[in-house]
Structure formats: C-alpha cells, structure tokens
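A.B. asks: So here's entry13.cif (mmCIF, C-alpha atoms).
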data_final
loop_
_atom_site.group_PDB
_atom_site.id
_atom_site.type_symbol
_atom_site.label_atom_id
_atom_site.label_comp_id
_atom_site.auth_asym_id
_atom_site.auth_seq_id
_atom_site.Cartn_x
_atom_site.Cartn_y
_atom_site.Cartn_z
ATOM 1 C CA MET A 203 -83.316 9.466 126.348
ATOM 2 C CA ALA A 204 -85.862 8.273 128.882
ATOM 3 C CA LEU A 205 -88.714 6.026 127.867
ATOM 4 C CA THR A 206 -92.264 7.014 128.830
ATOM 5 C CA ALA A 207 -93.911 5.201 131.757
ATOM 6 C CA ILE A 208 -96.837 3.124 130.489
ATOM 7 C CA THR A 209 -100.099 2.482 132.344
ATOM 8 C CA ARG A 210 -101.465 -0.984 131.590
ATOM 9 C CA VAL A 211 -105.196 -1.559 131.309
ATOM 10 C CA ASP A 212 -106.518 -4.950 132.431
ATOM 11 C CA GLY A 213 -108.988 -6.584 130.117
ATOM 12 C CA THR A 214 -109.890 -9.665 128.144
ATOM 13 C CA GLN A 215 -106.956 -9.244 125.758
ATOM 14 C CA ASN A 216 -104.375 -9.428 128.553
ATOM 15 C CA TYR A 217 -103.732 -13.137 128.927
ATOM 16 C CA PRO A 218 -101.545 -13.625 132.005
ATOM 17 C CA GLY A 219 -98.400 -15.634 131.469
ATOM 18 C CA ALA A 220 -98.848 -15.789 127.696
ATOM 19 C CA LYS A 221 -95.662 -13.852 127.029
ATOM 20 C CA LEU A 222 -92.327 -13.068 128.669
ATOM 21 C CA LYS A 223 -91.796 -9.634 130.185
ATOM 22 C CA ILE A 224 -88.587 -8.051 128.892
ATOM 23 C CA THR A 225 -87.289 -4.983 130.735
ATOM 24 C CA ILE A 226 -85.679 -2.372 128.448
ATOM 25 C CA THR A 227 -83.848 0.906 128.974
ATOM 26 C CA THR A 228 -81.539 2.994 126.814
ATOM 27 C CA LEU A 229 -77.779 2.999 127.439
ATOM 28 C CA ASP A 230 -77.662 6.735 128.224
ATOM 29 C CA ASN A 231 -80.039 6.074 131.139
ATOM 30 C CA VAL A 232 -77.497 3.776 132.900
ATOM 31 C CA THR A 233 -75.073 5.318 135.422
ATOM 32 C CA THR A 234 -73.710 2.062 136.945
ATOM 33 C CA PHE A 235 -73.317 -1.392 135.414
ATOM 34 C CA PRO A 236 -72.996 -4.689 137.277
ATOM 35 C CA ALA A 237 -69.789 -6.617 136.507
ATOM 36 C CA MET A 238 -68.581 -10.189 136.191
ATOM 37 C CA ASP A 239 -67.273 -11.695 139.419
ATOM 38 C CA THR A 240 -63.506 -11.117 139.516
ATOM 39 C CA THR A 241 -62.896 -14.320 141.522
ATOM 40 C CA PRO A 242 -65.518 -16.838 140.359
ATOM 41 C CA SER A 243 -65.548 -20.155 142.216
ATOM 42 C CA THR A 244 -68.389 -21.897 140.327
ATOM 43 C CA ASP A 245 -69.438 -22.214 136.701
ATOM 44 C CA VAL A 246 -72.515 -20.066 137.372
ATOM 45 C CA GLU A 247 -70.391 -17.273 138.903
ATOM 46 C CA TYR A 248 -68.109 -17.402 135.845
ATOM 47 C CA THR A 249 -71.050 -16.471 133.577
ATOM 48 C CA THR A 250 -73.088 -14.194 135.881
ATOM 49 C CA LEU A 251 -73.059 -10.418 136.375
ATOM 50 C CA VAL A 252 -72.927 -9.359 140.016
ATOM 51 C CA GLY A 253 -74.694 -6.215 141.257
ATOM 52 C CA ASP A 254 -77.517 -3.968 140.107
ATOM 53 C CA PHE A 255 -77.940 -1.509 137.280
ATOM 54 C CA VAL A 256 -78.344 2.066 138.511
ATOM 55 C CA LEU A 257 -80.535 4.206 136.237
ATOM 56 C CA THR A 258 -81.395 7.906 135.946
ATOM 57 C CA ALA A 259 -85.010 6.916 135.078
ATOM 58 C CA PRO A 260 -86.828 3.571 135.502
ATOM 59 C CA ALA A 261 -86.787 0.994 132.704
ATOM 60 C CA VAL A 262 -89.967 -0.106 130.891
ATOM 61 C CA GLN A 263 -91.376 -3.633 130.657
ATOM 62 C CA TRP A 264 -92.675 -5.088 127.385
ATOM 63 C CA GLU A 265 -94.397 -8.360 126.660
ATOM 64 C CA PHE A 266 -92.290 -10.536 124.335
ATOM 65 C CA GLU A 267 -93.398 -13.516 122.302
ATOM 66 C CA PRO A 268 -90.280 -15.399 121.115
ATOM 67 C CA SER A 269 -90.184 -16.700 117.542
ATOM 68 C CA THR A 270 -87.968 -19.697 118.294
ATOM 69 C CA GLY A 271 -87.824 -19.896 122.087
ATOM 70 C CA MET A 272 -84.045 -19.662 122.071
ATOM 71 C CA ILE A 273 -81.279 -17.092 122.015
ATOM 72 C CA GLU A 274 -79.044 -17.809 119.043
ATOM 73 C CA SER A 275 -75.325 -17.200 119.411
ATOM 74 C CA GLU A 276 -72.404 -17.166 116.990
ATOM 75 C CA GLN A 277 -68.779 -16.296 117.592
ATOM 76 C CA VAL A 278 -67.610 -13.021 116.027
ATOM 77 C CA GLY A 279 -63.960 -12.364 116.821
ATOM 78 C CA SER A 280 -63.467 -12.735 120.577
ATOM 79 C CA HIS A 281 -67.150 -12.146 121.400
ATOM 80 C CA ASN A 282 -70.448 -13.898 120.831
ATOM 81 C CA LYS A 283 -73.165 -12.236 118.769
ATOM 82 C CA CYS A 284 -76.464 -13.055 120.474
ATOM 83 C CA THR A 285 -79.819 -12.728 118.695
ATOM 84 C CA TYR A 286 -83.327 -13.103 120.104
ATOM 85 C CA THR A 287 -86.223 -12.716 117.657
ATOM 86 C CA GLY A 288 -89.900 -12.316 118.366
ATOM 87 C CA LYS A 289 -92.728 -9.863 118.843
ATOM 88 C CA LEU A 290 -92.540 -6.959 121.290
ATOM 89 C CA PHE A 291 -96.068 -6.361 122.443
ATOM 90 C CA MET A 292 -98.033 -4.063 124.769
ATOM 91 C CA PRO A 293 -101.642 -5.247 125.195
ATOM 92 C CA SER A 294 -104.662 -2.972 125.561
ATOM 93 C CA SER A 295 -102.860 0.138 126.696
ATOM 94 C CA ALA A 296 -104.683 3.419 127.027
ATOM 95 C CA MET A 297 -101.361 4.969 126.016
ATOM 96 C CA GLY A 298 -100.958 3.483 122.534
ATOM 97 C CA THR A 299 -99.183 6.543 121.120
ATOM 98 C CA ALA A 300 -96.706 6.676 124.042
ATOM 99 C CA VAL A 301 -96.067 2.938 123.689
ATOM 100 C CA LYS A 302 -95.473 3.327 119.959
ATOM 101 C CA ALA A 303 -93.139 6.270 120.667
ATOM 102 C CA ASN A 304 -91.164 4.125 123.140
ATOM 103 C CA LEU A 305 -90.775 1.435 120.516
ATOM 104 C CA VAL A 306 -89.657 3.955 117.886
ATOM 105 C CA LYS A 307 -87.166 5.461 120.409
ATOM 106 C CA GLY A 308 -85.788 1.983 121.077
ATOM 107 C CA ILE A 309 -85.327 0.916 117.450
ATOM 108 C CA ASP A 310 -81.631 1.090 116.481
ATOM 109 C CA SER A 311 -80.826 2.745 119.849
ATOM 110 C CA ARG A 312 -78.214 1.425 122.251
ATOM 111 C CA ILE A 313 -80.212 -0.509 124.856
ATOM 112 C CA ILE A 314 -79.938 -2.707 127.923
ATOM 113 C CA ALA A 315 -82.529 -5.490 128.215
ATOM 114 C CA LYS A 316 -83.262 -7.986 130.975
ATOM 115 C CA ILE A 317 -84.593 -11.213 129.419
ATOM 116 C CA PRO A 318 -86.193 -13.777 131.761
ATOM 117 C CA LEU A 319 -85.867 -17.429 130.795
ATOM 118 C CA GLN A 320 -88.404 -20.171 131.511
ATOM 119 C CA ASN A 321 -85.941 -21.929 133.838
ATOM 120 C CA GLY A 322 -85.965 -18.903 136.182
ATOM 121 C CA SER A 323 -82.600 -17.495 135.073
ATOM 122 C CA THR A 324 -82.201 -14.029 133.570
ATOM 123 C CA ILE A 325 -80.019 -13.103 130.580
ATOM 124 C CA ILE A 326 -78.754 -9.535 130.194
ATOM 125 C CA CYS A 327 -78.501 -7.900 126.788
ATOM 126 C CA GLY A 328 -75.859 -5.164 126.966
ATOM 127 C CA GLU A 329 -73.663 -6.358 129.796
ATOM 128 C CA THR A 330 -71.071 -3.563 129.497
ATOM 129 C CA PRO A 331 -71.155 0.066 128.268
ATOM 130 C CA ASP A 332 -69.024 -0.829 125.238
ATOM 131 C CA ARG A 333 -71.324 -3.722 124.210
ATOM 132 C CA PRO A 334 -74.940 -2.475 124.409
ATOM 133 C CA GLY A 335 -77.744 -4.232 122.613
ATOM 134 C CA THR A 336 -79.979 -2.930 119.870
ATOM 135 C CA ILE A 337 -83.543 -3.578 118.711
ATOM 136 C CA LYS A 338 -84.073 -3.958 114.982
ATOM 137 C CA LEU A 339 -87.438 -4.121 113.234
ATOM 138 C CA GLN A 340 -87.598 -7.286 111.146
ATOM 139 C CA LYS A 341 -89.782 -5.362 108.699
ATOM 140 C CA PHE A 342 -91.254 -1.902 109.072
ATOM 141 C CA SER A 343 -94.767 -3.087 108.199
ATOM 142 C CA SER A 344 -94.792 -5.215 111.383
ATOM 143 C CA LEU A 345 -95.040 -2.072 113.588
ATOM 144 C CA LYS A 346 -98.753 -1.844 114.391
ATOM 145 C CA GLU A 347 -101.035 0.120 116.682
ATOM 146 C CA GLY A 348 -104.586 -1.158 117.128
ATOM 147 C CA GLU A 349 -107.679 0.917 117.817
ATOM 148 C CA ASP A 350 -107.657 -0.444 121.381
ATOM 149 C CA GLY A 351 -104.141 0.918 121.953
ATOM 150 C CA LYS A 352 -102.399 -2.437 121.453
ATOM 151 C CA VAL A 353 -98.927 -1.936 119.967
ATOM 152 C CA SER A 354 -96.722 -4.686 118.516
ATOM 153 C CA ALA A 355 -93.719 -5.158 116.250
ATOM 154 C CA ASP A 356 -91.653 -8.085 114.988
ATOM 155 C CA VAL A 357 -88.133 -7.409 116.228
ATOM 156 C CA GLU A 358 -84.663 -8.817 116.566
ATOM 157 C CA ILE A 359 -82.734 -7.997 119.742
ATOM 158 C CA VAL A 360 -78.996 -8.182 119.041
ATOM 159 C CA TRP A 361 -76.006 -7.832 121.386
ATOM 160 C CA TYR A 362 -72.409 -8.994 121.852
ATOM 161 C CA SER A 363 -71.398 -10.928 124.959
ATOM 162 C CA GLN A 364 -68.304 -12.576 126.333
ATOM 163 C CA VAL A 365 -70.578 -15.526 127.242
ATOM 164 C CA PRO A 366 -72.145 -17.694 124.489
ATOM 165 C CA GLY A 367 -75.919 -17.067 124.608
ATOM 166 C CA GLY A 368 -75.456 -14.031 126.877
ATOM 167 C CA ALA A 369 -74.397 -13.481 130.490
ATOM 168 C CA LEU A 370 -76.715 -14.329 133.357
ATOM 169 C CA MET A 371 -77.751 -11.671 135.866
ATOM 170 C CA THR A 372 -79.033 -11.864 139.434
ATOM 171 C CA GLY A 373 -79.260 -8.120 140.195
ATOM 172 C CA ALA A 374 -81.948 -5.551 139.486
ATOM 173 C CA LEU A 375 -82.829 -3.391 136.495
ATOM 174 C CA PRO A 376 -85.375 -1.001 138.112
ATOM 175 C CA ILE A 377 -88.727 -0.688 136.321
ATOM 176 C CA VAL A 378 -91.552 1.845 136.227
#
Using structure tokens, write down the structure from this file.
C.D. replies:
Amino acid sequence: MALTAITRVDGTQNYPGAKLKITITTLDNVTTFPAMDTTPSTDVEYTTLVGDFVLTAPAVQWEFEPSTGMIESEQVGSHNKCTYTGKLFMPSSAMGTAVKANLVKGIDSRIIAKIPLQNGSTIICGETPDRPGTIKLQKFSSLKEGEDGKVSADVEIVWYSQVPGGALMTGALPIV
C-alpha cells in the first residue's frame, strides 16, 4: 500500500524547526532492508544499520511533536520493545483529506519509520522485515482535520529492536 504524496503549503502556521520530521512508509513498500554490520569494530557500528532502504514508492514525511522527548524501551524476551509517543502532524496542507487517509492507512499497519534525534543521529523503527513497527492511535478522538487542512493525531509508535532504544541508521529512506 503506497502512501499519497503530500504537497505542503507555506504559511503562518508552519513554524520551522518546531517539530521533528519522521519519515514513514509501509512494510510492503520495502524491497531491500539495510542490515547490521557483520564485523563491527566500534560500539557505534555494533548498533547501526548499514545501507539504504530500497522502496517501490517514496516514503512520506510527517511532523512529530514528542510527548516525552525520549524513546522508551523495555526488554521483552530477547528483544527490546521501543515506544515513542507524541503527535503526528501535517500543518496547513491543501491536501487534508489525502493526509488524513495516509494517517488512517498507517494506523495498525506494518511500517518503517526514520526518527531523527536532536543529537543528529537517526533511529530506525522496523529494522528488519520480521520486526516492523506500528502506529497506534492513543485515542480515536485525537484524530483531527482542521478547516485549513491541518491534520493531527496523538499516536504511539511501537517496534521491537535488538538494540535497546532502537538501532541507529546512517543510510537513506527515500522520501517524496
């Protein structure tokens, strides 16, 4: 399932740098995954995916306003359950219905998400085909579309990783 490309409209409601930009695609759109380095020589290489994602259609970027500013992680069996909560947000888009449709398509779907951190690193949600992430609405009433086309929802992004807090990534996840 491909997500719809969104045209952003610049305006007074688009405050630059106010939110993180998370890149999201669905698992069925991925043909090639990056992998962990098989011979890591540093701590960073031990926790970082090497290579690029190859997609059948470009991924879509969303604004994200974190609730806590941290990715929470707890061990579940031999993996780490990672959770990132906040508000997915698309400001002043002329394509409000398409944006809302993308969000609805993404809810409870198997996704891959590229999450930039303030320190310049990037965490990947869904580092392997057998451990994709998912987006869950925290409550259905939080899904809103404004008259100006602004769409937002309070969500929880959840995935399982072999690295506590999620694996780092240096490669690309191509966007629209």
A.B. asks: On this structure, the PyMOL selection byres ((chain A and resi 328) around 7) would catch which residues? List them as a list in words, sorted by chain and number.
C.D. replies: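 With the shown file as input, the PyMOL selection byres ((chain A and resi 328) around 7) matches Ile313, Ile314, Ala315, Ile326, Cys327, Glu329, Thr330, Arg333, Pro334, Gly335 and Trp361 of chain A.
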A.B. asks: State, in Å with one decimal place, the distance from CA of Ile273 (chain A) to CA of Gly351 (chain A).
C.D. replies: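 A separation of 29.1 Å between them.
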A.B. asks: Excluding same-chain residues fewer than 3 positions from Met272 (chain A), what lies within 10 Å of it counting only C-alpha atoms, as number ranges by chain?
C.D. replies: A: 268-269, 275, 285-287, 319, 367
A.B. asks: Using the chain letters and numbering of this document, enumerate as a list of chain:residue names the residues selected by the PyMOL selection byres ((chain A and resi 324) around 10).
C.D. replies: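 Applied to this file, the PyMOL selection byres ((chain A and resi 324) around 10) selects A:Ile224, A:Thr250, A:Lys316, A:Ile317, A:Pro318, A:Leu319, A:Gln320, A:Asn321, A:Gly322, A:Ser323, A:Ile325, A:Ile326, A:Cys327, A:Gly368, A:Ala369, A:Leu370, A:Met371, A:Thr372, A:Gly373.
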A.B. asks: Quick one: pull the distance between CA of Val357 (chain A) and CA of Lys341 (chain A), Å, one decimal.
C.D. replies: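 These two atoms are separated by 8.0 Å.
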A.B. asks: Counting all atoms listed in the file, which of A:Thr299, A:Pro331, A:Ile309, A:Lys346 gets nearest to Pro236 (chain A)?
C.D. replies: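 Going through A:Thr299, A:Pro331, A:Ile309, A:Lys346 one by one, the smallest distance to Pro236 (chain A) is for A:Pro331.
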A.B. asks: The PyMOL selection byres ((chain A and resi 265) around 9) - which residues does that actually catch in the file I just gave you? List them as a ChimeraX atom specification.
C.D. replies: /A:220-225,263-264,266-267,289-293
A.B. asks: Between CA of Ala355 (chain A) and CA of Thr228 (chain A), what is the distance in Å, rounded to a tenth?
C.D. replies: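 CA of Thr228 (chain A) lies at a distance of 18.1 Å from CA of Ala355 (chain A).
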A.B. asks: My structure is short of atoms at region 257-290 of chain A; please model N, CA and C atoms there, returning them as a CSV table (one decimal), in the frame of the given file.
C.D. replies:
chain,number,residue,atom,x,y,z
A,257,LEU,N,-80.0,3.5,137.4
A,257,LEU,CA,-80.5,4.2,136.2
A,257,LEU,C,-80.9,5.6,136.7
A,258,THR,N,-80.9,6.5,135.7
A,258,THR,CA,-81.4,7.9,135.9
A,258,THR,C,-82.9,8.0,135.9
A,259,ALA,N,-83.5,7.0,135.2
A,259,ALA,CA,-85.0,6.9,135.1
A,259,ALA,C,-85.3,5.4,135.0
A,260,PRO,N,-86.5,5.0,135.5
A,260,PRO,CA,-86.8,3.6,135.5
A,260,PRO,C,-86.9,3.0,134.1
A,261,ALA,N,-86.6,1.7,134.0
A,261,ALA,CA,-86.8,1.0,132.7
A,261,ALA,C,-88.3,0.7,132.5
A,262,VAL,N,-88.6,0.2,131.3
A,262,VAL,CA,-90.0,-0.1,130.9
A,262,VAL,C,-90.1,-1.6,130.6
A,263,GLN,N,-91.2,-2.2,131.0
A,263,GLN,CA,-91.4,-3.6,130.7
A,263,GLN,C,-92.3,-3.8,129.4
A,264,TRP,N,-91.9,-4.7,128.6
A,264,TRP,CA,-92.7,-5.1,127.4
A,264,TRP,C,-93.0,-6.6,127.4
A,265,GLU,N,-94.1,-6.9,126.9
A,265,GLU,CA,-94.4,-8.4,126.7
A,265,GLU,C,-93.5,-8.8,125.5
A,266,PHE,N,-93.1,-10.0,125.4
A,266,PHE,CA,-92.3,-10.5,124.3
A,266,PHE,C,-92.7,-12.0,124.0
A,267,GLU,N,-93.0,-12.2,122.8
A,267,GLU,CA,-93.4,-13.5,122.3
A,267,GLU,C,-92.3,-14.0,121.4
A,268,PRO,N,-91.4,-14.9,121.9
A,268,PRO,CA,-90.3,-15.4,121.1
A,268,PRO,C,-90.7,-16.1,119.9
A,269,SER,N,-89.9,-16.0,118.8
A,269,SER,CA,-90.2,-16.7,117.5
A,269,SER,C,-89.7,-18.1,117.7
A,270,THR,N,-88.5,-18.4,118.3
A,270,THR,CA,-88.0,-19.7,118.3
A,270,THR,C,-87.9,-20.3,119.7
A,271,GLY,N,-88.0,-19.4,120.7
A,271,GLY,CA,-87.8,-19.9,122.1
A,271,GLY,C,-86.4,-20.1,122.5
A,272,MET,N,-85.5,-19.5,121.7
A,272,MET,CA,-84.0,-19.7,122.1
A,272,MET,C,-83.3,-18.4,121.6
A,273,ILE,N,-82.2,-18.2,122.4
A,273,ILE,CA,-81.3,-17.1,122.0
A,273,ILE,C,-80.2,-17.7,121.2
A,274,GLU,N,-80.1,-17.3,119.9
A,274,GLU,CA,-79.0,-17.8,119.0
A,274,GLU,C,-77.7,-17.1,119.3
A,275,SER,N,-76.6,-17.8,119.1
A,275,SER,CA,-75.3,-17.2,119.4
A,275,SER,C,-74.3,-17.7,118.4
A,276,GLU,N,-73.5,-16.8,117.9
A,276,GLU,CA,-72.4,-17.2,117.0
A,276,GLU,C,-71.2,-16.4,117.4
A,277,GLN,N,-70.0,-17.0,117.2
A,277,GLN,CA,-68.8,-16.3,117.6
A,277,GLN,C,-68.4,-15.3,116.5
A,278,VAL,N,-68.1,-14.1,116.9
A,278,VAL,CA,-67.6,-13.0,116.0
A,278,VAL,C,-66.4,-12.4,116.7
A,279,GLY,N,-65.2,-12.8,116.2
A,279,GLY,CA,-64.0,-12.4,116.8
A,279,GLY,C,-63.9,-13.0,118.2
A,280,SER,N,-63.6,-12.2,119.2
A,280,SER,CA,-63.5,-12.7,120.6
A,280,SER,C,-64.8,-12.7,121.4
A,281,HIS,N,-65.9,-12.3,120.7
A,281,HIS,CA,-67.2,-12.1,121.4
A,281,HIS,C,-68.2,-13.0,120.7
A,282,ASN,N,-69.3,-13.1,121.4
A,282,ASN,CA,-70.4,-13.9,120.8
A,282,ASN,C,-71.6,-13.0,120.5
A,283,LYS,N,-72.0,-13.0,119.2
A,283,LYS,CA,-73.2,-12.2,118.8
A,283,LYS,C,-74.4,-13.0,119.1
A,284,CYS,N,-75.2,-12.4,120.0
A,284,CYS,CA,-76.5,-13.1,120.5
A,284,CYS,C,-77.7,-12.4,119.8
A,285,THR,N,-78.6,-13.2,119.4
A,285,THR,CA,-79.8,-12.7,118.7
A,285,THR,C,-81.0,-13.4,119.3
A,286,TYR,N,-82.1,-12.6,119.6
A,286,TYR,CA,-83.3,-13.1,120.1
A,286,TYR,C,-84.4,-12.5,119.3
A,287,THR,N,-85.2,-13.3,118.5
A,287,THR,CA,-86.2,-12.7,117.7
A,287,THR,C,-87.6,-13.0,118.2
A,288,GLY,N,-88.5,-12.1,117.9
A,288,GLY,CA,-89.9,-12.3,118.4
A,288,GLY,C,-90.7,-11.1,118.2
A,289,LYS,N,-91.8,-11.0,118.9
A,289,LYS,CA,-92.7,-9.9,118.8
A,289,LYS,C,-92.7,-9.1,120.2
A,290,LEU,N,-92.4,-7.8,120.1
A,290,LEU,CA,-92.5,-7.0,121.3
A,290,LEU,C,-94.0,-6.5,121.3
